[in-house]
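The file my_file_19.csv contains CSV, C-alpha atoms:
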```
chain,number,residue,atom,x,y,z
Q,1,MET,CA,0.0,0.0,0.0
Q,2,ILE,CA,2.9,2.4,0.7
Q,3,ASP,CA,4.8,4.0,-2.1
Q,4,THR,CA,8.2,2.3,-2.0
Q,5,ASN,CA,9.8,4.9,-4.3
Q,6,THR,CA,10.0,7.4,-1.4
Q,7,ASN,CA,11.3,7.3,2.1
Q,8,PHE,CA,8.0,8.6,3.5
Q,9,LYS,CA,6.5,6.2,6.0
Q,10,PRO,CA,3.0,7.4,7.1
Q,11,TYR,CA,2.3,7.6,10.9
Q,12,VAL,CA,-1.1,6.5,12.1
Q,13,LEU,CA,-2.5,6.9,15.6
Q,14,VAL,CA,-5.0,4.2,16.6
Q,15,VAL,CA,-7.4,4.9,19.5
Q,16,ASP,CA,-9.5,2.0,20.9
Q,17,ASP,CA,-10.3,0.8,24.4
Q,18,VAL,CA,-10.4,-2.8,23.3
Q,19,LEU,CA,-6.9,-4.4,23.2
Q,20,LYS,CA,-7.9,-7.0,20.6
Q,21,ASN,CA,-9.0,-4.3,18.2
Q,22,LEU,CA,-5.7,-2.4,18.7
Q,23,LYS,CA,-3.7,-5.5,17.9
Q,24,ILE,CA,-5.7,-6.3,14.8
Q,25,ILE,CA,-5.6,-2.8,13.3
Q,26,GLY,CA,-2.0,-2.3,14.4
Q,27,ASN,CA,-0.8,-5.5,12.7
Q,28,ILE,CA,-2.6,-4.7,9.5
Q,29,LEU,CA,-1.0,-1.3,9.3
Q,30,LEU,CA,2.5,-2.5,10.3
Q,31,GLU,CA,2.3,-5.2,7.6
Q,32,ASN,CA,1.6,-2.6,5.0
Q,33,GLY,CA,4.5,-0.2,5.9
Q,34,TYR,CA,2.9,2.2,8.3
Q,35,GLU,CA,4.3,3.5,11.5
Q,36,ILE,CA,1.8,3.3,14.3
Q,37,SER,CA,1.0,4.4,17.9
Q,38,LEU,CA,-1.7,2.6,19.9
Q,39,VAL,CA,-3.6,4.3,22.8
Q,40,SER,CA,-6.6,3.1,24.7
Q,41,ASN,CA,-8.6,6.2,25.3
Q,42,GLY,CA,-9.3,9.8,24.2
Q,43,PHE,CA,-7.3,11.4,27.0
Q,44,GLU,CA,-4.1,9.5,26.0
Q,45,ALA,CA,-4.8,10.3,22.3
Q,46,ILE,CA,-4.9,14.1,23.0
Q,47,GLU,CA,-1.9,13.9,25.2
Q,48,SER,CA,0.2,12.0,22.6
Q,49,LEU,CA,-0.5,14.8,20.0
Q,50,LYS,CA,1.6,17.2,22.1
Q,51,ASP,CA,4.8,15.3,21.0
Q,52,ASP,CA,4.0,13.7,17.7
Q,53,LYS,CA,1.4,14.6,15.1
Q,54,PRO,CA,0.2,11.7,13.0
Q,55,ASP,CA,-0.8,11.7,9.4
Q,56,LEU,CA,-4.1,10.1,10.3
Q,57,ILE,CA,-6.1,9.1,13.3
Q,58,LEU,CA,-8.3,5.9,13.5
Q,59,LEU,CA,-10.7,6.7,16.3
Q,60,ASP,CA,-13.2,4.4,18.1
Q,61,ILE,CA,-16.5,6.0,19.2
Q,62,MET,CA,-17.6,4.0,22.2
Q,63,MET,CA,-15.0,4.5,24.9
Q,64,PRO,CA,-15.4,5.2,28.6
Q,65,GLU,CA,-14.9,8.6,30.2
Q,66,MET,CA,-14.4,10.4,26.9
Q,67,ASP,CA,-16.1,9.0,23.7
Q,68,GLY,CA,-14.7,9.4,20.2
Q,69,TYR,CA,-17.0,12.3,19.4
Q,70,GLU,CA,-15.7,14.4,22.2
Q,71,ALA,CA,-12.1,13.4,21.5
Q,72,CYS,CA,-12.6,14.5,17.8
Q,73,ARG,CA,-14.1,17.8,18.8
Q,74,ARG,CA,-11.2,18.6,21.1
Q,75,ILE,CA,-8.6,17.7,18.4
Q,76,LYS,CA,-10.4,19.8,15.8
Q,77,SER,CA,-10.7,22.8,18.2
Q,78,ASN,CA,-6.9,22.9,18.6
Q,79,GLU,CA,-5.3,24.8,15.6
Q,80,ASP,CA,-2.1,22.7,16.0
Q,81,THR,CA,-4.0,19.4,15.4
Q,82,ALA,CA,-7.1,20.5,13.5
Q,83,ASP,CA,-5.8,19.5,10.1
Q,84,ILE,CA,-5.2,15.8,11.1
Q,85,PRO,CA,-7.8,13.6,9.3
Q,86,ILE,CA,-9.9,11.4,11.5
Q,87,ILE,CA,-11.6,8.2,10.4
Q,88,PHE,CA,-14.1,6.7,12.8
Q,89,ILE,CA,-14.1,3.0,13.3
Q,90,THR,CA,-17.2,1.9,15.1
Q,91,ALA,CA,-19.9,-0.7,15.6
Q,92,LYS,CA,-22.5,2.1,15.4
Q,93,SER,CA,-24.4,2.4,12.1
Q,94,GLU,CA,-27.5,4.4,12.8
Q,95,THR,CA,-28.1,7.6,10.8
Q,96,GLU,CA,-27.7,9.8,13.8
Q,97,ASP,CA,-24.3,8.2,14.6
Q,98,ILE,CA,-23.1,8.8,11.1
Q,99,VAL,CA,-24.3,12.4,11.1
Q,100,GLU,CA,-22.6,13.1,14.4
Q,101,ALA,CA,-19.3,11.6,13.1
Q,102,PHE,CA,-19.2,14.0,10.2
Q,103,ARG,CA,-20.5,17.0,12.3
Q,104,CYS,CA,-17.7,16.8,14.8
Q,105,GLY,CA,-15.0,16.7,12.1
Q,106,GLY,CA,-14.5,13.2,10.9
Q,107,VAL,CA,-13.6,12.7,7.2
Q,108,ASP,CA,-14.8,9.1,6.9
Q,109,TYR,CA,-16.0,6.1,8.9
Q,110,LEU,CA,-15.9,2.3,8.9
Q,111,THR,CA,-18.3,-0.1,10.6
Q,112,LYS,CA,-17.1,-3.1,12.6
Q,113,PRO,CA,-16.4,-5.7,11.6
Q,114,PHE,CA,-14.4,-4.0,8.8
Q,115,ASN,CA,-12.9,-5.4,5.6
Q,116,ARG,CA,-9.1,-5.4,5.7
Q,117,GLU,CA,-8.7,-4.1,2.1
Q,118,GLU,CA,-11.3,-1.4,2.5
Q,119,LEU,CA,-9.5,-0.2,5.7
Q,120,LEU,CA,-6.2,0.0,3.8
Q,121,VAL,CA,-7.8,1.8,0.8
Q,122,ARG,CA,-9.5,4.4,3.0
Q,123,VAL,CA,-6.3,4.9,5.1
Q,124,LYS,CA,-4.2,5.4,2.0
Q,125,THR,CA,-6.7,7.8,0.4
Q,126,HIS,CA,-6.8,10.1,3.4
Q,127,VAL,CA,-3.0,9.9,4.0
Q,128,ASP,CA,-2.4,10.8,0.4
Q,129,LEU,CA,-4.8,13.8,0.6
Q,130,LYS,CA,-3.0,15.1,3.7
Q,131,ARG,CA,0.4,14.7,2.1
Q,132,SER,CA,-0.9,16.7,-0.9
Q,133,ARG,CA,-2.2,19.4,1.4
Q,134,ASP,CA,1.1,19.6,3.3
Q,135,ALA,CA,3.1,19.7,0.1
Q,136,SER,CA,1.0,22.6,-1.2
Q,137,GLU,CA,2.4,24.8,1.6
Q,138,LYS,CA,5.8,24.5,-0.1
Q,139,HIS,CA,4.6,24.8,-3.6
Q,140,ALA,CA,2.7,28.0,-4.0
Q,141,LYS,CA,1.8,27.3,-7.7
Q,142,GLU,CA,-0.1,24.2,-6.6
Q,143,MET,CA,-2.0,26.0,-3.8
Q,144,ILE,CA,-5.0,27.0,-5.8
Q,145,ALA,CA,-5.6,23.6,-7.4
Q,146,ILE,CA,-5.1,21.7,-4.1
Q,147,ASN,CA,-7.3,24.1,-2.1
Q,148,ALA,CA,-10.0,23.7,-4.8
Q,149,LYS,CA,-9.8,19.9,-4.5
Q,150,LEU,CA,-10.0,20.0,-0.7
Q,151,SER,CA,-12.8,22.5,-0.9
Q,152,ALA,CA,-14.7,20.2,-3.3
Q,153,ILE,CA,-14.3,17.3,-0.9
Q,154,ASN,CA,-15.5,19.4,2.0
Q,155,GLU,CA,-18.5,20.6,0.0
Q,156,GLU,CA,-19.4,17.0,-0.9
Q,157,LYS,CA,-19.1,16.0,2.7
Q,158,GLN,CA,-21.3,18.9,3.8
Q,159,GLU,CA,-23.7,18.3,1.0
Q,160,LEU,CA,-24.1,14.7,2.2
Q,161,LEU,CA,-24.5,15.8,5.8
Q,162,ASN,CA,-27.3,18.1,4.8
Q,163,THR,CA,-29.2,15.5,2.8
Q,164,ILE,CA,-29.1,13.0,5.7
Q,165,GLU,CA,-30.3,15.6,8.3
Q,166,GLU,CA,-32.8,17.5,6.3
Q,167,ASP,CA,-34.4,15.3,3.6
Q,168,LEU,CA,-33.9,11.7,2.3
Q,169,LYS,CA,-34.9,12.9,-1.2
Q,170,ILE,CA,-32.2,15.5,-1.3
Q,171,ALA,CA,-29.7,12.8,-0.6
Q,172,SER,CA,-30.6,11.3,-3.9
Q,173,GLU,CA,-29.8,14.6,-5.5
Q,174,TYR,CA,-26.3,14.4,-4.0
Q,175,ILE,CA,-25.8,11.0,-5.7
Q,176,GLU,CA,-27.0,12.6,-8.9
Q,177,SER,CA,-24.3,15.2,-8.5
Q,178,LEU,CA,-21.7,12.4,-8.9
Q,179,LEU,CA,-23.2,11.1,-12.1
Q,180,PRO,CA,-21.5,11.7,-15.5
Q,181,LYS,CA,-22.0,14.9,-17.4
Q,182,ARG,CA,-24.0,14.6,-20.6
Q,183,ILE,CA,-21.3,14.6,-23.3
Q,184,ASN,CA,-21.3,14.8,-27.1
Q,185,ASP,CA,-17.8,14.4,-28.6
Q,186,ASP,CA,-16.2,12.6,-31.6
Q,187,THR,CA,-16.6,9.2,-30.0
Q,188,LEU,CA,-19.8,9.1,-27.9
Q,189,LYS,CA,-22.9,11.0,-27.1
Q,190,ILE,CA,-24.5,10.1,-23.8
Q,191,ASP,CA,-27.7,10.9,-22.1
Q,192,TRP,CA,-29.4,9.6,-19.0
Q,193,MET,CA,-32.3,9.9,-16.7
Q,194,PHE,CA,-32.2,9.5,-12.9
Q,195,ILE,CA,-35.4,10.0,-10.9
Q,196,PRO,CA,-34.9,8.9,-7.3
Q,197,ALA,CA,-37.8,7.2,-5.4
Q,198,ALA,CA,-39.6,9.0,-2.6
Q,199,THR,CA,-37.3,7.1,-0.2
Q,200,LEU,CA,-33.6,7.2,-0.6
Q,201,GLY,CA,-32.3,4.5,-2.9
Q,202,GLY,CA,-29.1,2.9,-4.0
Q,203,ASP,CA,-28.8,3.4,-7.7
Q,204,SER,CA,-25.8,5.1,-9.3
Q,205,PHE,CA,-23.9,4.9,-12.6
Q,206,GLY,CA,-20.9,6.4,-14.3
Q,207,LEU,CA,-19.0,6.8,-17.6
Q,208,HIS,CA,-15.3,7.9,-17.7
Q,209,ASN,CA,-12.0,7.4,-19.6
Q,210,LEU,CA,-9.7,4.7,-18.2
Q,211,ASP,CA,-6.9,5.6,-20.6
Q,212,GLU,CA,-6.6,7.0,-24.2
Q,213,ASP,CA,-8.2,3.9,-25.7
Q,214,HIS,CA,-10.7,2.6,-23.1
Q,215,ILE,CA,-14.0,4.0,-21.7
Q,216,ALA,CA,-15.7,2.5,-18.7
Q,217,MET,CA,-19.5,2.6,-18.4
Q,218,TYR,CA,-21.5,1.1,-15.6
Q,219,LEU,CA,-24.7,1.1,-13.5
Q,220,LEU,CA,-25.2,-0.4,-10.1
Q,221,ASP,CA,-28.3,-1.0,-7.9
Q,222,VAL,CA,-27.8,-1.5,-4.1
Q,223,CYS,CA,-30.4,-3.6,-2.3
Q,224,GLY,CA,-32.8,-1.7,-0.1
Q,225,HIS,CA,-33.5,2.0,0.6
Q,226,GLY,CA,-32.3,4.5,3.1
Q,227,VAL,CA,-29.0,6.0,4.2
Q,228,GLY,CA,-27.1,2.8,4.4
Q,229,PRO,CA,-27.7,1.6,0.8
Q,230,ALA,CA,-27.1,5.2,-0.5
Q,231,LEU,CA,-23.7,5.5,1.2
Q,232,HIS,CA,-22.8,2.0,0.1
Q,233,SER,CA,-23.6,3.0,-3.5
Q,234,VAL,CA,-21.5,6.2,-3.2
Q,235,SER,CA,-18.6,4.2,-1.8
Q,236,VAL,CA,-18.7,1.7,-4.7
Q,237,LEU,CA,-19.1,4.6,-7.2
Q,238,ASN,CA,-16.0,6.4,-5.8
Q,239,ASN,CA,-13.9,3.2,-5.9
Q,240,LEU,CA,-14.8,3.0,-9.6
Q,241,ARG,CA,-14.4,6.7,-10.5
Q,242,ASN,CA,-11.0,6.9,-8.8
Q,243,GLN,CA,-9.9,3.4,-9.7
Q,244,LEU,CA,-9.1,2.6,-6.0
Q,245,LEU,CA,-9.6,-1.2,-6.2
Q,246,PRO,CA,-6.3,-2.8,-5.4
Q,247,ASP,CA,-4.7,-5.1,-8.0
Q,248,THR,CA,-7.4,-4.5,-10.6
Q,249,ASP,CA,-7.4,-4.3,-14.3
Q,250,PHE,CA,-10.2,-1.8,-14.9
Q,251,THR,CA,-10.4,-2.6,-18.6
Q,252,SER,CA,-11.5,-6.2,-17.6
Q,253,PRO,CA,-15.1,-6.3,-16.5
Q,254,LYS,CA,-14.8,-9.7,-14.8
Q,255,ASP,CA,-11.7,-8.4,-12.9
Q,256,VAL,CA,-13.6,-5.4,-11.7
Q,257,ILE,CA,-16.6,-7.4,-10.6
Q,258,THR,CA,-14.5,-10.1,-9.0
Q,259,ASN,CA,-12.6,-7.5,-6.8
Q,260,LEU,CA,-15.7,-5.6,-5.9
Q,261,ASN,CA,-17.2,-8.8,-4.7
Q,262,ASN,CA,-14.1,-9.6,-2.7
Q,263,ILE,CA,-14.1,-6.1,-1.0
Q,264,PHE,CA,-17.8,-5.6,-0.5
Q,265,GLN,CA,-18.9,-8.9,1.0
Q,266,MET,CA,-22.3,-8.3,2.6
Q,267,LYS,CA,-21.2,-9.9,5.9
Q,268,HIS,CA,-18.9,-7.0,6.4
Q,269,HIS,CA,-21.3,-4.3,5.1
Q,270,ASN,CA,-24.6,-4.7,7.2
Q,271,ASN,CA,-25.9,-7.5,4.9
Q,272,ILE,CA,-26.0,-5.1,1.9
Q,273,TYR,CA,-25.4,-6.6,-1.6
Q,274,PHE,CA,-25.8,-5.0,-5.1
Q,275,THR,CA,-26.3,-5.8,-8.7
Q,276,MET,CA,-24.2,-4.3,-11.5
Q,277,TRP,CA,-23.6,-4.0,-15.2
Q,278,TYR,CA,-20.0,-3.0,-16.2
Q,279,GLY,CA,-18.7,-2.5,-19.7
Q,280,VAL,CA,-15.4,-1.2,-21.3
Q,281,TYR,CA,-15.4,0.2,-24.9
Q,282,ASN,CA,-12.2,0.1,-26.9
Q,283,LYS,CA,-12.1,3.1,-29.2
Q,284,GLN,CA,-9.5,1.5,-31.5
Q,285,THR,CA,-11.1,-1.9,-32.0
Q,286,HIS,CA,-14.7,-0.8,-31.5
Q,287,LYS,CA,-15.3,-3.8,-29.2
Q,288,LEU,CA,-17.3,-3.7,-26.0
Q,289,LYS,CA,-16.3,-6.0,-23.2
Q,290,TYR,CA,-19.1,-6.4,-20.5
Q,291,ALA,CA,-20.2,-8.4,-17.5
Q,292,SER,CA,-23.4,-8.3,-15.5
Q,293,ALA,CA,-23.8,-9.5,-12.0
Q,294,GLY,CA,-27.4,-10.3,-11.1
Q,295,HIS,CA,-28.3,-7.2,-13.1
Q,296,PRO,CA,-30.9,-6.7,-16.0
Q,297,PRO,CA,-29.3,-7.2,-19.4
Q,298,ALA,CA,-28.3,-4.1,-21.3
Q,299,LEU,CA,-29.7,-3.5,-24.7
Q,300,LEU,CA,-27.6,-2.8,-27.8
Q,301,ILE,CA,-29.4,-1.6,-30.9
Q,302,ASN,CA,-27.6,-1.1,-34.2
Q,303,LYS,CA,-28.4,1.6,-36.7
Q,304,TYR,CA,-30.7,-0.7,-38.6
Q,305,GLY,CA,-32.8,-1.4,-35.5
Q,306,LYS,CA,-31.5,-4.9,-34.8
Q,307,ALA,CA,-31.4,-5.4,-31.0
Q,308,GLN,CA,-29.0,-7.5,-28.9
Q,309,SER,CA,-29.3,-8.3,-25.2
Q,310,LEU,CA,-26.0,-8.0,-23.3
Q,311,PHE,CA,-26.0,-10.3,-20.3
Q,312,THR,CA,-23.8,-12.7,-18.4
Q,313,ARG,CA,-24.9,-15.3,-15.8
Q,314,ASN,CA,-23.0,-13.9,-12.8
Q,315,TYR,CA,-24.2,-13.8,-9.2
Q,316,VAL,CA,-24.9,-10.6,-7.4
Q,317,ILE,CA,-22.0,-8.8,-5.8
Q,318,GLY,CA,-21.4,-9.3,-2.1
Q,319,ALA,CA,-23.6,-12.3,-1.3
Q,320,GLU,CA,-20.9,-15.0,-1.6
Q,321,ALA,CA,-17.2,-15.3,-2.1
Q,322,ILE,CA,-17.3,-16.4,-5.8
Q,323,MET,CA,-14.4,-16.9,-8.2
Q,324,GLY,CA,-14.8,-17.2,-11.9
Q,325,TYR,CA,-17.0,-14.3,-12.9
Q,326,GLU,CA,-17.4,-14.3,-16.7
Q,327,GLU,CA,-17.3,-11.5,-19.2
Q,328,LYS,CA,-18.3,-11.3,-22.9
Q,329,GLU,CA,-17.3,-9.2,-25.9
Q,330,VAL,CA,-19.4,-7.7,-28.7
Q,331,ASP,CA,-18.5,-5.7,-31.8
Q,332,VAL,CA,-20.1,-2.2,-31.8
Q,333,LYS,CA,-21.0,-0.7,-35.1
Q,334,LYS,CA,-21.2,3.0,-36.0
Q,335,GLU,CA,-24.4,4.7,-34.7
Q,336,ALA,CA,-25.3,1.8,-32.4
Q,337,ILE,CA,-27.1,2.7,-29.2
Q,338,LEU,CA,-26.6,1.1,-25.8
Q,339,TYR,CA,-29.1,1.3,-22.9
Q,340,ILE,CA,-28.0,0.4,-19.4
Q,341,PHE,CA,-30.7,0.5,-16.7
Q,342,SER,CA,-31.9,-0.8,-13.3
Q,343,ASP,CA,-35.0,-2.8,-12.7
Q,344,GLY,CA,-36.8,0.3,-11.4
Q,345,THR,CA,-37.3,1.4,-15.1
Q,346,TYR,CA,-39.7,-1.5,-15.8
Q,347,GLU,CA,-41.0,-3.0,-12.4
Q,348,VAL,CA,-43.9,-0.6,-11.9
Q,349,PHE,CA,-46.8,-1.9,-9.9
Q,350,LYS,CA,-50.4,-0.8,-9.8
Q,351,SER,CA,-53.6,-2.5,-8.8
Q,352,ASN,CA,-55.2,-4.5,-11.7
Q,353,THR,CA,-52.1,-4.2,-13.9
Q,354,VAL,CA,-49.3,-6.5,-14.7
Q,355,PRO,CA,-45.8,-5.0,-14.3
Q,356,TRP,CA,-43.4,-4.9,-17.2
Q,357,ASP,CA,-40.6,-7.3,-17.5
Q,358,VAL,CA,-37.2,-6.6,-19.0
Q,359,ASP,CA,-38.3,-7.9,-22.4
Q,360,ALA,CA,-41.2,-5.4,-22.4
Q,361,LEU,CA,-38.7,-2.6,-21.7
Q,362,HIS,CA,-36.5,-3.8,-24.6
Q,363,ARG,CA,-39.5,-3.8,-27.0
Q,364,PHE,CA,-40.4,-0.2,-25.8
Q,365,LEU,CA,-36.8,1.0,-26.5
Q,366,GLU,CA,-36.6,-0.7,-29.8
Q,367,ASN,CA,-39.9,0.9,-30.9
Q,368,ASN,CA,-39.2,4.4,-29.6
Q,369,ASN,CA,-35.5,5.1,-30.1
Q,370,ALA,CA,-35.9,5.9,-33.9
Q,371,LYS,CA,-38.9,8.2,-33.6
Q,372,GLY,CA,-36.9,11.4,-33.1
Q,373,THR,CA,-38.4,12.0,-29.7
Q,374,ASP,CA,-36.8,11.7,-26.2
Q,375,GLU,CA,-37.4,8.0,-25.6
Q,376,LEU,CA,-36.0,8.2,-22.0
Q,377,LYS,CA,-38.6,10.9,-21.1
Q,378,GLU,CA,-41.3,8.9,-22.9
Q,379,LEU,CA,-40.4,5.8,-20.9
Q,380,TYR,CA,-40.6,7.7,-17.6
Q,381,ASN,CA,-43.9,9.3,-18.6
Q,382,HIS,CA,-45.3,5.9,-19.5
Q,383,GLN,CA,-44.3,4.4,-16.1
Q,384,VAL,CA,-45.7,7.4,-14.2
Q,385,GLU,CA,-49.0,6.9,-16.1
Q,386,VAL,CA,-49.1,3.2,-15.2
Q,387,ASN,CA,-48.1,3.9,-11.6
Q,388,GLY,CA,-50.6,6.7,-11.2
Q,389,SER,CA,-48.1,8.9,-9.5
Q,390,PRO,CA,-44.7,10.6,-10.4
Q,391,GLN,CA,-43.2,9.0,-7.3
Q,392,LEU,CA,-42.3,5.5,-8.3
Q,393,ASP,CA,-41.5,2.8,-5.7
Q,394,ASP,CA,-37.9,2.4,-6.9
Q,395,ASP,CA,-35.2,4.6,-8.4
Q,396,PHE,CA,-35.7,5.1,-12.2
Q,397,SER,CA,-32.1,5.0,-13.6
Q,398,ILE,CA,-31.2,4.6,-17.3
Q,399,LEU,CA,-28.0,5.5,-19.2
Q,400,LYS,CA,-28.0,5.9,-23.0
Q,401,VAL,CA,-24.7,5.7,-25.0
Q,402,ILE,CA,-24.6,6.4,-28.8
Q,403,PHE,CA,-21.4,5.2,-30.5
Q,404,LYS,CA,-20.3,7.5,-33.3
```

Translate this structure into structure tokens?
Amino acid sequence: MIDTNTNFKPYVLVVDDVLKNLKIIGNILLENGYEISLVSNGFEAIESLKDDKPDLILLDIMMPEMDGYEACRRIKSNEDTADIPIIFITAKSETEDIVEAFRCGGVDYLTKPFNREELLVRVKTHVDLKRSRDASEKHAKEMIAINAKLSAINEEKQELLNTIEEDLKIASEYIESLLPKRINDDTLKIDWMFIPAATLGGDSFGLHNLDEDHIAMYLLDVCGHGVGPALHSVSVLNNLRNQLLPDTDFTSPKDVITNLNNIFQMKHHNNIYFTMWYGVYNKQTHKLKYASAGHPPALLINKYGKAQSLFTRNYVIGAEAIMGYEEKEVDVKKEAILYIFSDGTYEVFKSNTVPWDVDALHRFLENNNAKGTDELKELYNHQVEVNGSPQLDDDFSILKVIFK
């Protein structure tokens, strides 16, 4: 995890009143090249900061005499220690606990029992951010860019905090802010529609360049509704957007899905699993590699109207430790259209009606994409009419990609 090309050895302070937890976390960090200091309560943590300032603090919440919230507030109120990032590690997972963790100054949190790889990824991410910030003090030319990056991160955190406290529907709008921009360049034209349900859901999707030749496009649907699934979805989305999965070839859909499954096992994530469709388009060969994991098949329609269902028989992500996910590949002709969507686009229920299935959705898209109208809007309007209300029971999420 540590950059071996430098002499820098990050220093992490671990605070937990349970000796077993200190040993487990300490051993993980030591094995991955970190210097550590272990203390058993908030008072010792604050006292230790007078001598040495760590690059990161891993802080338990439930401790006697002074809990983690109070320790964090005191650290953040001291200008000498206020810039030290704090990740909470806790068995608490209620909404108010998460809100309080962010409110008192935490930058991230992990729930116990935690996944080893996820711990290392989050520790490295926040250590790297702190190193960048510290380096900016010596490089004036980089100050504006780094401050802008840190400001954006803080704005996202504050935006997430506001959505949790004020309105679950607004939280869905935060997820929408992470979705790809609608682009129209020499290679692709993309459009999408994302209408969150009345309760906070777990849909999200993305499209971005992996390198000069490869473009990743994906959509995921986390089980359930509420803060937990939404935060889970954002965590997965950021791992994909920032290519944070360790030892992963992001141009290989089966490699991406396999490693997501390894890291996001539901037994370590409050019994949350998710489905996903992930594809990689090669601009040079005009081939699309793809893999679906318990997710509805995407639909590829060529310029002559011939449709092809893109699907692989892979299990959902997080439910079981599975090896051998499969991927497929298809040639993509000029002017072909790809639709990636969640089941909320067709599973609309109303008394005395039969809900659509995925085949019915495919037929609708085949019949409406060449009419010169906005078929995504037409699809949503149709489902609203069937439902009898603009507030559907599940997130309505669909991504449209036109290959030029």

State, in Å with one decimal place, the distance from atom CA of Pro54 of chain Q to atom CA of Tyr11 of chain Q.
5.1 Å

Name the closest residue to Arg241 of chain Q among the candidates Q:Ala216, Q:Val39, Q:Ala197, Q:Leu19; distances are taken between atoms, counting all atoms listed in the file.
Q:Ala216

Write out as a tab-separated table the residues of segment 171-278 of chain Q that have any atom within 12 Å of an atom of segment 123-132 of chain Q, one row each with the nearest atom pair and its distance in Å to one decimal, counting all atoms listed in the file, sorted by chain and then rising number.
```
residue	atom	partner	partner_atom	distance
Q:Asn238	CA	Q:Thr125	CA	11.3
Q:Asn239	CA	Q:Thr125	CA	10.6
Q:Asn242	CA	Q:Thr125	CA	10.2
Q:Gln243	CA	Q:Thr125	CA	11.5
Q:Leu244	CA	Q:Thr125	CA	8.6
Q:Leu245	CA	Q:Thr125	CA	11.5
Q:Pro246	CA	Q:Lys124	CA	11.2
```

So which one's closest to Trp356 of chain Q, Q:Gly305, Q:Gly318, Q:Gly344, Q:Gly105? Using only C-alpha atoms, please.
Q:Gly344

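Residues within 10 Å of Thr90 of chain Q, counting only C-alpha atoms and excluding same-chain residues fewer than 5 positions away, are Asp16, Leu58, Leu59, Asp60, Ile61, Met62, Gly68, Asp97, Ile98, Tyr109, Leu110, Thr111, Lys112, Pro113 and Phe114 of chain Q.
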